[in-house]
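Remarks on the structure that follows.
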Amino acid sequence: MNKIETAKLAEEIVKNKLKDAEKGHDWYHIDRVRNMALEISDTEGGDKEIIEISALLHDISDAKFNGGNYEKAASESREILKNINFNKNKIENVIDIIDNISFKGGISINKVKSLELKIVQDADRLDAIGAIGIARAFHYGGFKNRVIYNPEIKPQNYSNSEEYHKSESHTINHFYEKLLLLKDLMNTKKAQEIAENRHLFMKKFLEQFYNEWKSKK
């Protein structure tokens with residue numbers, strides 16, 4: 001089985017697996033991350049087979065939807081990789097990316113990042129910022145029935161990933177707790193360049209949001 005056929009098999013499995021997923025983390029998100037990762041790879045290099053498969057599988061069992069269980073994501077991904085006869089010598093490379101791609105409240109667990117992990121992580125983070133990132137943030141907030149904004153509740157700093165995933169803070173706080181931090185967490189030069197405009201767009205959105213929120217007395 002060649003690389004194209006393997007990727008197609010993985011694509012079909014992921015589409016089926018995520019057909020009922022929260023729409024900010026559905027197949028279209030996966031496809032955007034895959035395409036962005038490959039675009040970054042065109043400039044930065046890396047093993048495109050590992051990059052594409054990792055991007056396709058990176059949210060197959062998202063920890064935020066399964067109680068923070070990262071082991072489950074690795075287990076499901078390993079089973080899929082075996083079923084599609086993925087290159088055995090590269091399976092652990094993919095699992096390492098899936099294990100370490102998540103933001104986790106900005107708390108890094110794995111300090112040693114392969115180029116492939118850097119690229120897929122950047123692609124995933126880029127999809128969390130800019131216009132699409134804003135849309136995804138408010139969709140997820142609605143999915144979790146969260147308040148859009150409460151000026152009395154300030155952004156938090158989290159000491160561990162468990163605290164971050166359990167947070168019920170309002171959606172505007174999410175900008176300060178994650179989205180506005182991502183520009184400076186990009187690993188590759190290509191992603192840093194793309195992140196600049198998306199970051200500015202979010203800052204302009206927040207400025208407009210606060211102007212509209214204020215009421216005249």
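By convention in this document, the chains of the structure tokens carry letters A, B, ... by their order, each chain's residues are numbered from 1, and ligands are numbered from 1 in the order they are shown.
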
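Residues of segment 85-125 of chain A carrying a DSSP assignment of alpha helix (DSSP H), computed from the backbone, are Ile91, Glu92, Asn93, Val94, Ile95, Asp96, Ile97, Ile98, Asp99, Asn100, Leu115, Glu116, Leu117, Lys118, Ile119, Val120, Gln121, Asp122, Ala123, Asp124 and Arg125 of chain A.
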
Just write the chosen residues, N, CA and C atoms, as a PDB file, in the first residue's frame.
ATOM      1  N   ILE A  91       5.440   4.617  13.412  1.00  0.00           N
ATOM      2  CA  ILE A  91       4.255   4.673  14.273  1.00  0.00           C
ATOM      3  C   ILE A  91       4.520   5.483  15.540  1.00  0.00           C
ATOM      4  N   GLU A  92       5.644   5.229  16.201  1.00  0.00           N
ATOM      5  CA  GLU A  92       5.924   5.931  17.460  1.00  0.00           C
ATOM      6  C   GLU A  92       6.166   7.418  17.235  1.00  0.00           C
ATOM      7  N   ASN A  93       6.650   7.783  16.039  1.00  0.00           N
ATOM      8  CA  ASN A  93       6.799   9.204  15.719  1.00  0.00           C
ATOM      9  C   ASN A  93       5.432   9.888  15.702  1.00  0.00           C
ATOM     10  N   VAL A  94       4.452   9.209  15.115  1.00  0.00           N
ATOM     11  CA  VAL A  94       3.091   9.746  15.049  1.00  0.00           C
ATOM     12  C   VAL A  94       2.480   9.829  16.445  1.00  0.00           C
ATOM     13  N   ILE A  95       2.658   8.787  17.233  1.00  0.00           N
ATOM     14  CA  ILE A  95       2.108   8.765  18.589  1.00  0.00           C
ATOM     15  C   ILE A  95       2.703   9.880  19.435  1.00  0.00           C
ATOM     16  N   ASP A  96       3.990  10.131  19.272  1.00  0.00           N
ATOM     17  CA  ASP A  96       4.645  11.218  20.015  1.00  0.00           C
ATOM     18  C   ASP A  96       4.007  12.564  19.680  1.00  0.00           C
ATOM     19  N   ILE A  97       3.672  12.777  18.409  1.00  0.00           N
ATOM     20  CA  ILE A  97       3.026  14.028  17.998  1.00  0.00           C
ATOM     21  C   ILE A  97       1.638  14.143  18.619  1.00  0.00           C
ATOM     22  N   ILE A  98       0.864  13.071  18.547  1.00  0.00           N
ATOM     23  CA  ILE A  98      -0.497  13.078  19.104  1.00  0.00           C
ATOM     24  C   ILE A  98      -0.469  13.302  20.618  1.00  0.00           C
ATOM     25  N   ASP A  99       0.527  12.720  21.279  1.00  0.00           N
ATOM     26  CA  ASP A  99       0.650  12.856  22.735  1.00  0.00           C
ATOM     27  C   ASP A  99       1.002  14.284  23.159  1.00  0.00           C
ATOM     28  N   ASN A 100       1.710  15.007  22.295  1.00  0.00           N
ATOM     29  CA  ASN A 100       2.300  16.273  22.723  1.00  0.00           C
ATOM     30  C   ASN A 100       1.811  17.507  21.974  1.00  0.00           C
ATOM     31  N   LEU A 115      10.910  17.886  14.347  1.00  0.00           N
ATOM     32  CA  LEU A 115      10.465  18.873  13.372  1.00  0.00           C
ATOM     33  C   LEU A 115       9.015  18.612  12.984  1.00  0.00           C
ATOM     34  N   GLU A 116       8.657  17.335  12.845  1.00  0.00           N
ATOM     35  CA  GLU A 116       7.287  16.982  12.471  1.00  0.00           C
ATOM     36  C   GLU A 116       6.288  17.411  13.536  1.00  0.00           C
ATOM     37  N   LEU A 117       6.630  17.226  14.811  1.00  0.00           N
ATOM     38  CA  LEU A 117       5.763  17.684  15.906  1.00  0.00           C
ATOM     39  C   LEU A 117       5.627  19.204  15.864  1.00  0.00           C
ATOM     40  N   LYS A 118       6.712  19.903  15.656  1.00  0.00           N
ATOM     41  CA  LYS A 118       6.672  21.360  15.581  1.00  0.00           C
ATOM     42  C   LYS A 118       5.712  21.827  14.490  1.00  0.00           C
ATOM     43  N   ILE A 119       5.776  21.170  13.345  1.00  0.00           N
ATOM     44  CA  ILE A 119       4.966  21.579  12.197  1.00  0.00           C
ATOM     45  C   ILE A 119       3.485  21.305  12.429  1.00  0.00           C
ATOM     46  N   VAL A 120       3.150  20.102  12.885  1.00  0.00           N
ATOM     47  CA  VAL A 120       1.738  19.761  13.102  1.00  0.00           C
ATOM     48  C   VAL A 120       1.170  20.585  14.255  1.00  0.00           C
ATOM     49  N   GLN A 121       1.954  20.804  15.291  1.00  0.00           N
ATOM     50  CA  GLN A 121       1.504  21.637  16.403  1.00  0.00           C
ATOM     51  C   GLN A 121       1.242  23.063  15.937  1.00  0.00           C
ATOM     52  N   ASP A 122       2.127  23.590  15.114  1.00  0.00           N
ATOM     53  CA  ASP A 122       1.923  24.935  14.573  1.00  0.00           C
ATOM     54  C   ASP A 122       0.641  25.007  13.746  1.00  0.00           C
ATOM     55  N   ALA A 123       0.420  24.009  12.902  1.00  0.00           N
ATOM     56  CA  ALA A 123      -0.773  23.996  12.051  1.00  0.00           C
ATOM     57  C   ALA A 123      -2.044  23.962  12.898  1.00  0.00           C
ATOM     58  N   ASP A 124      -2.040  23.172  13.945  1.00  0.00           N
ATOM     59  CA  ASP A 124      -3.198  23.083  14.845  1.00  0.00           C
ATOM     60  C   ASP A 124      -3.418  24.409  15.574  1.00  0.00           C
ATOM     61  N   ARG A 125      -2.351  25.032  16.003  1.00  0.00           N
ATOM     62  CA  ARG A 125      -2.461  26.301  16.717  1.00  0.00           C
ATOM     63  C   ARG A 125      -2.899  27.430  15.790  1.00  0.00           C
TER      64      ARG A 125
END

Residue neighbourhood Ile129 of chain A, 8 Å, only C-alpha atoms, exclusion window fewer than 6 positions, as a list in words: Leu179, Leu180, Leu182, Ala195, Arg198, His199 and Met202 of chain A

Considering only C-alpha atoms, return as a PDB file with N, CA and C atoms, in the first residue's frame whatever protein or nucleic-acid residues lie within 7 Å of segment 4-16 of chain A, sequence-local ones (same chain, fewer than 3 positions apart) excluded.
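The resulting file, selection_3.pdb, is reproduced below:
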ATOM      1  N   MET A   1       0.843  -1.196   0.000  1.00  0.00           N
ATOM      2  CA  MET A   1       0.000   0.000   0.000  1.00  0.00           C
ATOM      3  C   MET A   1       0.880   1.249   0.000  1.00  0.00           C
ATOM      4  N   LYS A  19     -17.849  12.204  12.683  1.00  0.00           N
ATOM      5  CA  LYS A  19     -19.082  12.665  12.023  1.00  0.00           C
ATOM      6  C   LYS A  19     -20.040  13.355  12.987  1.00  0.00           C
ATOM      7  N   TRP A  27     -14.316  17.172  11.004  1.00  0.00           N
ATOM      8  CA  TRP A  27     -13.466  16.826   9.875  1.00  0.00           C
ATOM      9  C   TRP A  27     -12.878  18.056   9.198  1.00  0.00           C
ATOM     10  N   ILE A  53      -0.240  12.060   8.314  1.00  0.00           N
ATOM     11  CA  ILE A  53      -0.983  11.091   9.129  1.00  0.00           C
ATOM     12  C   ILE A  53      -1.206  11.629  10.545  1.00  0.00           C
ATOM     13  N   LEU A  56      -3.972  14.139  10.474  1.00  0.00           N
ATOM     14  CA  LEU A  56      -5.264  13.478  10.303  1.00  0.00           C
ATOM     15  C   LEU A  56      -5.761  12.856  11.610  1.00  0.00           C
ATOM     16  N   LEU A  57      -4.858  12.342  12.419  1.00  0.00           N
ATOM     17  CA  LEU A  57      -5.253  11.612  13.629  1.00  0.00           C
ATOM     18  C   LEU A  57      -5.181  12.447  14.904  1.00  0.00           C
ATOM     19  N   ILE A  60      -8.371  12.496  17.067  1.00  0.00           N
ATOM     20  CA  ILE A  60      -9.208  11.302  16.957  1.00  0.00           C
ATOM     21  C   ILE A  60      -9.893  10.974  18.282  1.00  0.00           C
ATOM     22  N   ILE A  84      -4.271   0.331   9.083  1.00  0.00           N
ATOM     23  CA  ILE A  84      -4.029   0.851   7.731  1.00  0.00           C
ATOM     24  C   ILE A  84      -2.630   0.482   7.236  1.00  0.00           C
ATOM     25  N   PHE A  86       0.289   1.231   8.378  1.00  0.00           N
ATOM     26  CA  PHE A  86       1.227   2.347   8.347  1.00  0.00           C
ATOM     27  C   PHE A  86       2.627   1.849   8.661  1.00  0.00           C
TER      28      PHE A  86
END

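The environment of His139 of chain A within 10 Å, counting only C-alpha atoms and disregarding residues fewer than 6 places along the same chain, consists of Glu22, Lys23, Gly24, Gly133, Asn145, Arg146 and Thr171 of chain A.
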
Please save C-alpha atoms of the selected residues as a compact mmCIF listing (two decimals), in the first residue's frame.
# COMPACT_ATOMS: atom_id res chain seq x y z
CA GLU A 22 -18.35 19.23 18.11
CA LYS A 23 -18.13 21.30 14.94
CA GLY A 24 -15.06 23.25 15.96
CA GLY A 133 -10.17 30.69 15.61
CA ASN A 145 -23.17 26.57 27.38
CA ARG A 146 -20.65 29.12 28.58
CA THR A 171 -15.29 32.68 26.07

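Note that atom CA of Ser41 of chain A and atom CA of Ser75 of chain A are 26.4 Å apart.
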